[in-house]
Amino acid sequence: MKATMSPLYLVGLLLLGLVCGIHAEDDVCGDTDQATYRPCPTVGLPCVRNYLQVRSACQSFSDEDRDSFVGSPVDLYAANFNLSAVQTNILTEGFSNARLFEFTVNLEKDLIVLTVEYTNLTLKNHYDYSYFQPSEEPITFQEYSTERYPHLYITSYISGVNNPQWASAYHVHYQEGTVEMSYERECVDENDGVLDAVLKDVRANIDIVTREVFLYRNQQIQEFFVKRNLCNFLQ
Ligand SMILES: *[C@@H]1O[C@H](CO)[C@@H](O)[C@H](O)[C@H]1NC(C)=O
Ligand SMILES: *[C@@H]1O[C@H](CO)[C@@H](O)[C@H](O)[C@H]1NC(C)=O
């Protein structure tokens with residue numbers, strides 16, 4: 001491919017890049033960010049709640065202010081470690097430390113951006129792991145673990161500024177600090193040298209592993225926060 005690219009083509013690409021850089025408002029490279037604003041200047045909970053409640057089909061809140069929830073099973077996949085797991089969540093705790101971090105709307109893109117900051121979120125999970133090697137049956141084992149995430153930000157992208165589409169929201173996370181983890185394993189063959197090396201690798205790179213797999217957990221955690229604090233849009 002590269003060898004057949006003509007110099008003119010490359011010059012064209014370069015010029016396009018320059019034009020986009022200089023005339024960012026020309027729509028060549030997508031929308032501008034000029035329509036983004038904070039409807040609640042201090043990102044206060046009552047204001048954001050009110051903003052969302054007048055635009056969504058929210059149910060009334062119950063008085064119960066739970067700090068934790070039990071999630072539904074999630075399939076995790078850590079591609080860099082050839083490892084997959086079915087996570088059966090026993091408990092996610094620490095929601096009383098969570099707070100709204102950002103809330104913006106963009107009328108041009110019809111998009112809401114909502115970020116929640118979680119401090120010391122603790123997950124107690126059961127895992128059914130499978131370790132994959134090419135052309136071989138997976139090696140399976142189980143684990144119970146407690147994981148504490150010192151600092152986690154989950155950002156949700158919700159389309160529909162005046163009619164938030166909660167069900168199709170997209171959630172991404174940003175993780176800070178080192179995850180504290182303790183675990184017990186079952187059905188691990190201590191003499192399996194291959195698996196032993198993999199587990200050592202996972203332990204040494206736990207921050208990378210959790211960053212990789214957290215994507216699959218974001219939705220349940222963020223939805224729990226939203227339902228408890230902003231808009232109980234399901235149930
Ligand atoms: C994953 O599998 C590939 C292919 O066998 C191998 O090259 C790689 O080292 C494996 N990585 C881990 C962490 O097991
Ligand atoms: C989070 O946990 C650490 C270690 O247990 C503790 O020092 C810190 O005060 C906790 N922070 C909050 C906000 O609970």
# chains A, B, ... in the order shown; residues from 1 in each chain; ligands from 1
call {"tool": "residues_near_ligand", "arguments": {"ligand": "ligand 2", "cutoff": "8 Å", "atoms": "only C-alpha atoms and all ligand atoms", "output": "list in words"}}
result
Asn97, Thr119, Asn120 and Pro150 of chain A
call {"tool": "write_last_selection", "arguments": {"atoms": "C-alpha atoms", "output": "mmCIF file, in the first residue's frame"}}
result
data_model
loop_
_atom_site.group_PDB
_atom_site.id
_atom_site.type_symbol
_atom_site.label_atom_id
_atom_site.label_comp_id
_atom_site.auth_asym_id
_atom_site.auth_seq_id
_atom_site.Cartn_x
_atom_site.Cartn_y
_atom_site.Cartn_z
ATOM 1 C CA ASN A 97 -18.234 8.641 48.054
ATOM 2 C CA THR A 119 -13.509 7.272 45.237
ATOM 3 C CA ASN A 120 -12.676 3.939 46.865
ATOM 4 C CA PRO A 150 -8.929 4.488 44.658
#
call {"tool": "residues_around", "arguments": {"residues": "Thr140 of chain A", "least_positions_apart": "4", "cutoff": "12 Å", "atoms": "only C-alpha atoms", "output": "list in words"}}
result
Leu83, Ser84, Ala85, Val86, Tyr127, Asp128, Tyr129, Ser130, Tyr131, Phe132, Gln133, Arg185, Glu186, Cys187, Val188, Asp189, Asp192 and Leu195 of chain A
call {"tool": "residues_around", "arguments": {"residues": "Val43 of chain A", "least_positions_apart": "5", "cutoff": "7 Å", "atoms": "only C-alpha atoms", "output": "PyMOL selection string"}}
result
chain A and resi 48+100-103
call {"tool": "residues_near_ligand", "arguments": {"ligand": "ligand 1", "cutoff": "6 Å", "atoms": "only C-alpha atoms and all ligand atoms", "output": "PyMOL selection string"}}
result
chain A and resi 81-82+133-134+198
call {"tool": "write_last_selection", "arguments": {"atoms": "N, CA, C and O atoms", "output": "CSV table (one decimal), in the first residue's frame"}}
result
chain,number,residue,atom,x,y,z
A,81,PHE,N,-3.9,-10.5,27.6
A,81,PHE,CA,-3.5,-11.5,28.5
A,81,PHE,C,-4.1,-12.9,28.1
A,81,PHE,O,-4.0,-13.9,28.9
A,82,ASN,N,-4.8,-13.0,27.0
A,82,ASN,CA,-5.4,-14.2,26.5
A,82,ASN,C,-6.4,-14.8,27.6
A,82,ASN,O,-6.5,-16.0,27.7
A,133,GLN,N,-4.9,-20.6,24.7
A,133,GLN,CA,-3.7,-20.7,23.9
A,133,GLN,C,-4.2,-21.2,22.5
A,133,GLN,O,-5.2,-21.9,22.4
A,134,PRO,N,-3.4,-20.8,21.5
A,134,PRO,CA,-3.9,-21.2,20.1
A,134,PRO,C,-4.1,-22.7,20.0
A,134,PRO,O,-3.2,-23.4,20.5
A,198,VAL,N,1.4,-16.8,33.5
A,198,VAL,CA,0.3,-15.9,33.2
A,198,VAL,C,-0.2,-15.2,34.4
A,198,VAL,O,-0.4,-13.9,34.4
call {"tool": "atom_distance", "arguments": {"atom1": "atom CA of Thr115 of chain A", "atom2": "atom CA of Ser156 of chain A"}}
result
6.3 Å
call {"tool": "closest_residue", "arguments": {"among": "A:Tyr77, A:Tyr153, A:Trp166, A:Phe95", "to": "Asn218 of chain A", "atoms": "only C-alpha atoms"}}
result
A:Tyr153
call {"tool": "atom_distance", "arguments": {"atom1": "atom CA of Gln219 of chain A", "atom2": "atom CA of Tyr170 of chain A"}}
result
7.8 Å
call {"tool": "atom_distance", "arguments": {"atom1": "atom CA of Ala169 of chain A", "atom2": "atom CA of Asp67 of chain A"}}
result
23.1 Å
call {"tool": "closest_residue", "arguments": {"among": "A:Leu111, A:Leu215, A:Ile139, A:Met181", "to": "Leu152 of chain A", "atoms": "only C-alpha atoms"}}
result
A:Leu215
call {"tool": "select_by_dssp", "arguments": {"residues": "segment 17-223 of chain A", "states": "alpha helix (DSSP H)", "output": "PyMOL selection string"}}
result
chain A and resi 17-22+45-53+193-204+206-214+218-223
call {"tool": "select_by_dssp", "arguments": {"residues": "chain A", "states": "strand (DSSP E or B)", "output": "mmCIF file with C-alpha atoms, in the first residue's frame"}}
result
data_model
loop_
_atom_site.group_PDB
_atom_site.id
_atom_site.type_symbol
_atom_site.label_atom_id
_atom_site.label_comp_id
_atom_site.auth_asym_id
_atom_site.auth_seq_id
_atom_site.Cartn_x
_atom_site.Cartn_y
_atom_site.Cartn_z
ATOM 1 C CA THR A 36 -21.135 22.871 24.585
ATOM 2 C CA TYR A 37 -22.239 24.439 27.845
ATOM 3 C CA GLN A 59 -39.940 7.205 38.432
ATOM 4 C CA SER A 68 -23.977 -0.797 47.269
ATOM 5 C CA PHE A 69 -25.608 -3.016 44.660
ATOM 6 C CA VAL A 74 -20.633 -9.617 32.966
ATOM 7 C CA ASP A 75 -18.343 -11.192 30.355
ATOM 8 C CA LEU A 76 -14.853 -9.737 30.605
ATOM 9 C CA TYR A 77 -12.096 -10.096 28.040
ATOM 10 C CA ALA A 78 -8.453 -9.119 28.595
ATOM 11 C CA LEU A 83 -7.784 -14.303 29.411
ATOM 12 C CA SER A 84 -11.551 -14.121 29.587
ATOM 13 C CA ALA A 85 -13.814 -14.324 32.618
ATOM 14 C CA VAL A 86 -17.438 -14.407 33.553
ATOM 15 C CA GLN A 87 -17.708 -12.006 36.468
ATOM 16 C CA THR A 88 -20.500 -12.687 38.876
ATOM 17 C CA ASN A 89 -20.663 -9.552 40.943
ATOM 18 C CA ILE A 90 -21.347 -10.177 44.580
ATOM 19 C CA LEU A 91 -21.263 -6.536 45.643
ATOM 20 C CA THR A 92 -20.125 -3.108 44.451
ATOM 21 C CA GLU A 93 -19.736 -0.783 47.451
ATOM 22 C CA ARG A 99 -19.969 12.689 43.163
ATOM 23 C CA LEU A 100 -20.911 14.447 39.963
ATOM 24 C CA PHE A 101 -17.788 15.704 38.248
ATOM 25 C CA GLU A 102 -19.037 17.171 34.958
ATOM 26 C CA PHE A 103 -22.309 17.737 33.179
ATOM 27 C CA THR A 104 -22.464 19.445 29.797
ATOM 28 C CA VAL A 105 -24.927 19.550 26.940
ATOM 29 C CA ASN A 106 -24.316 20.322 23.282
ATOM 30 C CA LEU A 111 -25.372 15.235 23.232
ATOM 31 C CA ILE A 112 -25.172 15.122 27.025
ATOM 32 C CA VAL A 113 -21.805 14.379 28.657
ATOM 33 C CA LEU A 114 -22.009 13.229 32.268
ATOM 34 C CA THR A 115 -18.971 12.305 34.390
ATOM 35 C CA VAL A 116 -19.104 10.767 37.855
ATOM 36 C CA GLU A 117 -16.038 10.567 40.111
ATOM 37 C CA TYR A 118 -15.866 7.424 42.257
ATOM 38 C CA THR A 119 -13.509 7.272 45.237
ATOM 39 C CA ASN A 120 -12.676 3.939 46.865
ATOM 40 C CA LEU A 121 -15.226 1.966 44.904
ATOM 41 C CA THR A 122 -14.916 -1.630 46.107
ATOM 42 C CA LEU A 123 -15.903 -4.634 44.008
ATOM 43 C CA LYS A 124 -16.385 -8.080 45.463
ATOM 44 C CA ASN A 125 -16.520 -10.521 42.595
ATOM 45 C CA HIS A 126 -16.536 -14.179 41.712
ATOM 46 C CA TYR A 127 -14.756 -15.039 38.460
ATOM 47 C CA ASP A 128 -14.872 -18.040 36.164
ATOM 48 C CA TYR A 129 -11.671 -17.630 34.174
ATOM 49 C CA SER A 130 -10.588 -19.147 30.871
ATOM 50 C CA TYR A 131 -7.023 -18.864 29.649
ATOM 51 C CA ILE A 139 -7.541 -23.705 31.028
ATOM 52 C CA THR A 140 -10.275 -22.769 33.479
ATOM 53 C CA PHE A 141 -10.192 -21.766 37.136
ATOM 54 C CA GLN A 142 -12.209 -19.772 39.645
ATOM 55 C CA GLU A 143 -11.460 -16.837 41.894
ATOM 56 C CA TYR A 144 -13.070 -14.746 44.605
ATOM 57 C CA SER A 145 -11.615 -11.285 44.896
ATOM 58 C CA THR A 146 -11.992 -7.918 46.576
ATOM 59 C CA GLU A 147 -10.797 -4.974 44.520
ATOM 60 C CA ARG A 148 -10.591 -1.357 45.679
ATOM 61 C CA TYR A 149 -10.351 1.354 43.027
ATOM 62 C CA PRO A 150 -8.929 4.488 44.658
ATOM 63 C CA HIS A 151 -10.043 6.818 41.882
ATOM 64 C CA LEU A 152 -12.269 6.171 38.921
ATOM 65 C CA TYR A 153 -14.071 8.509 36.542
ATOM 66 C CA ILE A 154 -16.867 7.178 34.360
ATOM 67 C CA THR A 155 -18.102 9.411 31.555
ATOM 68 C CA SER A 156 -21.417 8.730 29.849
ATOM 69 C CA TYR A 157 -22.362 10.025 26.408
ATOM 70 C CA ILE A 158 -26.121 10.276 26.159
ATOM 71 C CA SER A 159 -27.797 11.455 23.003
ATOM 72 C CA TYR A 170 -22.078 4.895 25.885
ATOM 73 C CA HIS A 171 -19.803 4.760 28.951
ATOM 74 C CA VAL A 172 -16.030 5.045 29.183
ATOM 75 C CA HIS A 173 -13.767 5.093 32.233
ATOM 76 C CA TYR A 174 -10.538 6.632 33.372
ATOM 77 C CA GLN A 175 -8.710 4.969 36.257
ATOM 78 C CA GLU A 176 -6.194 6.650 38.563
ATOM 79 C CA GLU A 180 -5.753 -2.904 45.725
ATOM 80 C CA MET A 181 -6.643 -6.527 45.273
ATOM 81 C CA SER A 182 -6.925 -9.630 47.400
ATOM 82 C CA TYR A 183 -8.139 -12.972 46.122
ATOM 83 C CA GLU A 184 -8.564 -16.674 46.624
ATOM 84 C CA ARG A 185 -8.375 -19.107 43.734
ATOM 85 C CA GLU A 186 -9.939 -22.480 43.205
ATOM 86 C CA ASN A 232 -34.698 6.417 38.095
#
call {"tool": "residues_around", "arguments": {"residues": "Tyr51 of chain A", "least_positions_apart": "5", "cutoff": "10 Å", "atoms": "only C-alpha atoms", "output": "list in words"}}
result
Pro39, Cys40, Leu45, Pro46, Ser56, Val161, Asn162, Leu230 and Cys231 of chain A
call {"tool": "write_last_selection", "arguments": {"atoms": "C-alpha atoms", "output": "CSV table (one decimal), in the first residue's frame"}}
result
chain,number,residue,atom,x,y,z
A,39,PRO,CA,-26.7,24.1,32.2
A,40,CYS,CA,-25.7,23.8,35.9
A,45,LEU,CA,-26.7,17.6,42.1
A,46,PRO,CA,-30.1,19.2,42.6
A,56,SER,CA,-36.9,12.0,31.1
A,161,VAL,CA,-30.5,16.8,25.0
A,162,ASN,CA,-34.2,17.2,25.5
A,230,LEU,CA,-30.6,11.7,39.1
A,231,CYS,CA,-33.3,9.8,37.3
call {"tool": "decode", "arguments": {"residues": "segment 89-103 of chain A", "atoms": "all heavy atoms", "output": "PDB file, in the first residue's frame"}}
result
ATOM      1  N   ASN A  89     -20.927 -10.607  39.958  1.00  0.00           N
ATOM      2  CA  ASN A  89     -20.663  -9.552  40.943  1.00  0.00           C
ATOM      3  C   ASN A  89     -21.417  -9.850  42.229  1.00  0.00           C
ATOM      4  O   ASN A  89     -22.628 -10.038  42.232  1.00  0.00           O
ATOM      5  CB  ASN A  89     -21.097  -8.210  40.361  1.00  0.00           C
ATOM      6  CG  ASN A  89     -20.828  -7.053  41.302  1.00  0.00           C
ATOM      7  OD1 ASN A  89     -21.747  -6.332  41.637  1.00  0.00           O
ATOM      8  ND2 ASN A  89     -19.603  -6.904  41.744  1.00  0.00           N
ATOM      9  N   ILE A  90     -20.701  -9.920  43.299  1.00  0.00           N
ATOM     10  CA  ILE A  90     -21.347 -10.177  44.580  1.00  0.00           C
ATOM     11  C   ILE A  90     -21.787  -8.845  45.171  1.00  0.00           C
ATOM     12  O   ILE A  90     -22.878  -8.720  45.695  1.00  0.00           O
ATOM     13  CB  ILE A  90     -20.385 -10.931  45.516  1.00  0.00           C
ATOM     14  CG1 ILE A  90     -19.967 -12.231  44.822  1.00  0.00           C
ATOM     15  CG2 ILE A  90     -21.032 -11.220  46.858  1.00  0.00           C
ATOM     16  CD1 ILE A  90     -18.798 -12.917  45.468  1.00  0.00           C
ATOM     17  N   LEU A  91     -20.943  -7.826  45.045  1.00  0.00           N
ATOM     18  CA  LEU A  91     -21.263  -6.536  45.643  1.00  0.00           C
ATOM     19  C   LEU A  91     -20.357  -5.448  45.074  1.00  0.00           C
ATOM     20  O   LEU A  91     -19.160  -5.667  44.923  1.00  0.00           O
ATOM     21  CB  LEU A  91     -21.018  -6.638  47.148  1.00  0.00           C
ATOM     22  CG  LEU A  91     -21.852  -5.821  48.123  1.00  0.00           C
ATOM     23  CD1 LEU A  91     -23.340  -6.060  47.924  1.00  0.00           C
ATOM     24  CD2 LEU A  91     -21.457  -6.188  49.546  1.00  0.00           C
ATOM     25  N   THR A  92     -20.932  -4.308  44.737  1.00  0.00           N
ATOM     26  CA  THR A  92     -20.125  -3.108  44.451  1.00  0.00           C
ATOM     27  C   THR A  92     -20.484  -2.087  45.515  1.00  0.00           C
ATOM     28  O   THR A  92     -21.647  -1.721  45.651  1.00  0.00           O
ATOM     29  CB  THR A  92     -20.418  -2.543  43.043  1.00  0.00           C
ATOM     30  OG1 THR A  92     -20.137  -3.547  42.080  1.00  0.00           O
ATOM     31  CG2 THR A  92     -19.563  -1.327  42.751  1.00  0.00           C
ATOM     32  N   GLU A  93     -19.492  -1.657  46.295  1.00  0.00           N
ATOM     33  CA  GLU A  93     -19.736  -0.783  47.451  1.00  0.00           C
ATOM     34  C   GLU A  93     -18.998   0.539  47.302  1.00  0.00           C
ATOM     35  O   GLU A  93     -17.978   0.598  46.627  1.00  0.00           O
ATOM     36  CB  GLU A  93     -19.205  -1.433  48.738  1.00  0.00           C
ATOM     37  CG  GLU A  93     -19.794  -2.761  49.074  1.00  0.00           C
ATOM     38  CD  GLU A  93     -19.072  -3.404  50.257  1.00  0.00           C
ATOM     39  OE1 GLU A  93     -17.817  -3.353  50.309  1.00  0.00           O
ATOM     40  OE2 GLU A  93     -19.767  -3.949  51.117  1.00  0.00           O
ATOM     41  N   GLY A  94     -19.482   1.550  47.996  1.00  0.00           N
ATOM     42  CA  GLY A  94     -18.766   2.817  48.087  1.00  0.00           C
ATOM     43  C   GLY A  94     -19.422   3.952  47.319  1.00  0.00           C
ATOM     44  O   GLY A  94     -18.768   4.940  46.994  1.00  0.00           O
ATOM     45  N   PHE A  95     -20.724   3.823  47.040  1.00  0.00           N
ATOM     46  CA  PHE A  95     -21.395   4.869  46.265  1.00  0.00           C
ATOM     47  C   PHE A  95     -21.601   6.153  47.056  1.00  0.00           C
ATOM     48  O   PHE A  95     -21.847   7.200  46.468  1.00  0.00           O
ATOM     49  CB  PHE A  95     -22.728   4.353  45.705  1.00  0.00           C
ATOM     50  CG  PHE A  95     -22.525   3.469  44.515  1.00  0.00           C
ATOM     51  CD1 PHE A  95     -22.332   2.111  44.675  1.00  0.00           C
ATOM     52  CD2 PHE A  95     -22.468   4.006  43.247  1.00  0.00           C
ATOM     53  CE1 PHE A  95     -22.101   1.297  43.581  1.00  0.00           C
ATOM     54  CE2 PHE A  95     -22.236   3.203  42.144  1.00  0.00           C
ATOM     55  CZ  PHE A  95     -22.052   1.843  42.315  1.00  0.00           C
ATOM     56  N   SER A  96     -21.485   6.073  48.371  1.00  0.00           N
ATOM     57  CA  SER A  96     -21.661   7.314  49.144  1.00  0.00           C
ATOM     58  C   SER A  96     -20.491   8.281  48.912  1.00  0.00           C
ATOM     59  O   SER A  96     -20.612   9.472  49.180  1.00  0.00           O
ATOM     60  CB  SER A  96     -21.839   7.006  50.632  1.00  0.00           C
ATOM     61  OG  SER A  96     -20.836   6.127  51.057  1.00  0.00           O
ATOM     62  N   ASN A  97     -19.370   7.763  48.386  1.00  0.00           N
ATOM     63  CA  ASN A  97     -18.234   8.641  48.054  1.00  0.00           C
ATOM     64  C   ASN A  97     -18.337   9.227  46.650  1.00  0.00           C
ATOM     65  O   ASN A  97     -17.500  10.048  46.276  1.00  0.00           O
ATOM     66  CB  ASN A  97     -16.917   7.854  48.094  1.00  0.00           C
ATOM     67  CG  ASN A  97     -16.533   7.425  49.482  1.00  0.00           C
ATOM     68  OD1 ASN A  97     -16.873   8.088  50.452  1.00  0.00           O
ATOM     69  ND2 ASN A  97     -15.837   6.312  49.582  1.00  0.00           N
ATOM     70  N   ALA A  98     -19.293   8.754  45.852  1.00  0.00           N
ATOM     71  CA  ALA A  98     -19.344   9.177  44.450  1.00  0.00           C
ATOM     72  C   ALA A  98     -19.924  10.578  44.341  1.00  0.00           C
ATOM     73  O   ALA A  98     -20.781  10.971  45.122  1.00  0.00           O
ATOM     74  CB  ALA A  98     -20.187   8.194  43.647  1.00  0.00           C
ATOM     75  N   ARG A  99     -19.407  11.354  43.364  1.00  0.00           N
ATOM     76  CA  ARG A  99     -19.969  12.689  43.163  1.00  0.00           C
ATOM     77  C   ARG A  99     -19.947  13.057  41.682  1.00  0.00           C
ATOM     78  O   ARG A  99     -19.128  12.562  40.910  1.00  0.00           O
ATOM     79  CB  ARG A  99     -19.204  13.724  43.983  1.00  0.00           C
ATOM     80  CG  ARG A  99     -17.780  13.924  43.537  1.00  0.00           C
ATOM     81  CD  ARG A  99     -17.107  15.034  44.328  1.00  0.00           C
ATOM     82  NE  ARG A  99     -15.847  15.402  43.721  1.00  0.00           N
ATOM     83  CZ  ARG A  99     -15.670  16.459  42.933  1.00  0.00           C
ATOM     84  NH1 ARG A  99     -16.655  17.283  42.678  1.00  0.00           N
ATOM     85  NH2 ARG A  99     -14.499  16.708  42.381  1.00  0.00           N
ATOM     86  N   LEU A 100     -20.867  13.957  41.339  1.00  0.00           N
ATOM     87  CA  LEU A 100     -20.911  14.447  39.963  1.00  0.00           C
ATOM     88  C   LEU A 100     -19.661  15.248  39.697  1.00  0.00           C
ATOM     89  O   LEU A 100     -19.252  16.072  40.519  1.00  0.00           O
ATOM     90  CB  LEU A 100     -22.111  15.367  39.778  1.00  0.00           C
ATOM     91  CG  LEU A 100     -23.446  14.731  39.463  1.00  0.00           C
ATOM     92  CD1 LEU A 100     -24.497  15.822  39.367  1.00  0.00           C
ATOM     93  CD2 LEU A 100     -23.374  13.954  38.157  1.00  0.00           C
ATOM     94  N   PHE A 101     -19.036  15.026  38.559  1.00  0.00           N
ATOM     95  CA  PHE A 101     -17.788  15.704  38.248  1.00  0.00           C
ATOM     96  C   PHE A 101     -17.966  16.671  37.073  1.00  0.00           C
ATOM     97  O   PHE A 101     -17.386  17.735  37.049  1.00  0.00           O
ATOM     98  CB  PHE A 101     -16.715  14.659  37.921  1.00  0.00           C
ATOM     99  CG  PHE A 101     -15.353  15.231  37.738  1.00  0.00           C
ATOM    100  CD1 PHE A 101     -14.602  15.633  38.832  1.00  0.00           C
ATOM    101  CD2 PHE A 101     -14.807  15.367  36.464  1.00  0.00           C
ATOM    102  CE1 PHE A 101     -13.335  16.164  38.660  1.00  0.00           C
ATOM    103  CE2 PHE A 101     -13.533  15.900  36.294  1.00  0.00           C
ATOM    104  CZ  PHE A 101     -12.800  16.304  37.391  1.00  0.00           C
ATOM    105  N   GLU A 102     -18.785  16.285  36.098  1.00  0.00           N
ATOM    106  CA  GLU A 102     -19.037  17.171  34.958  1.00  0.00           C
ATOM    107  C   GLU A 102     -20.398  16.869  34.359  1.00  0.00           C
ATOM    108  O   GLU A 102     -20.865  15.716  34.401  1.00  0.00           O
ATOM    109  CB  GLU A 102     -17.934  16.983  33.901  1.00  0.00           C
ATOM    110  CG  GLU A 102     -17.990  17.940  32.723  1.00  0.00           C
ATOM    111  CD  GLU A 102     -18.000  19.420  33.109  1.00  0.00           C
ATOM    112  OE1 GLU A 102     -19.071  19.939  33.504  1.00  0.00           O
ATOM    113  OE2 GLU A 102     -16.932  20.063  32.997  1.00  0.00           O
ATOM    114  N   PHE A 103     -21.029  17.913  33.864  1.00  0.00           N
ATOM    115  CA  PHE A 103     -22.309  17.737  33.179  1.00  0.00           C
ATOM    116  C   PHE A 103     -22.437  18.838  32.140  1.00  0.00           C
ATOM    117  O   PHE A 103     -22.564  20.008  32.468  1.00  0.00           O
ATOM    118  CB  PHE A 103     -23.466  17.827  34.185  1.00  0.00           C
ATOM    119  CG  PHE A 103     -24.812  17.591  33.570  1.00  0.00           C
ATOM    120  CD1 PHE A 103     -25.231  16.305  33.239  1.00  0.00           C
ATOM    121  CD2 PHE A 103     -25.671  18.658  33.294  1.00  0.00           C
ATOM    122  CE1 PHE A 103     -26.464  16.084  32.651  1.00  0.00           C
ATOM    123  CE2 PHE A 103     -26.909  18.440  32.711  1.00  0.00           C
ATOM    124  CZ  PHE A 103     -27.305  17.155  32.395  1.00  0.00           C
TER     125      PHE A 103
END
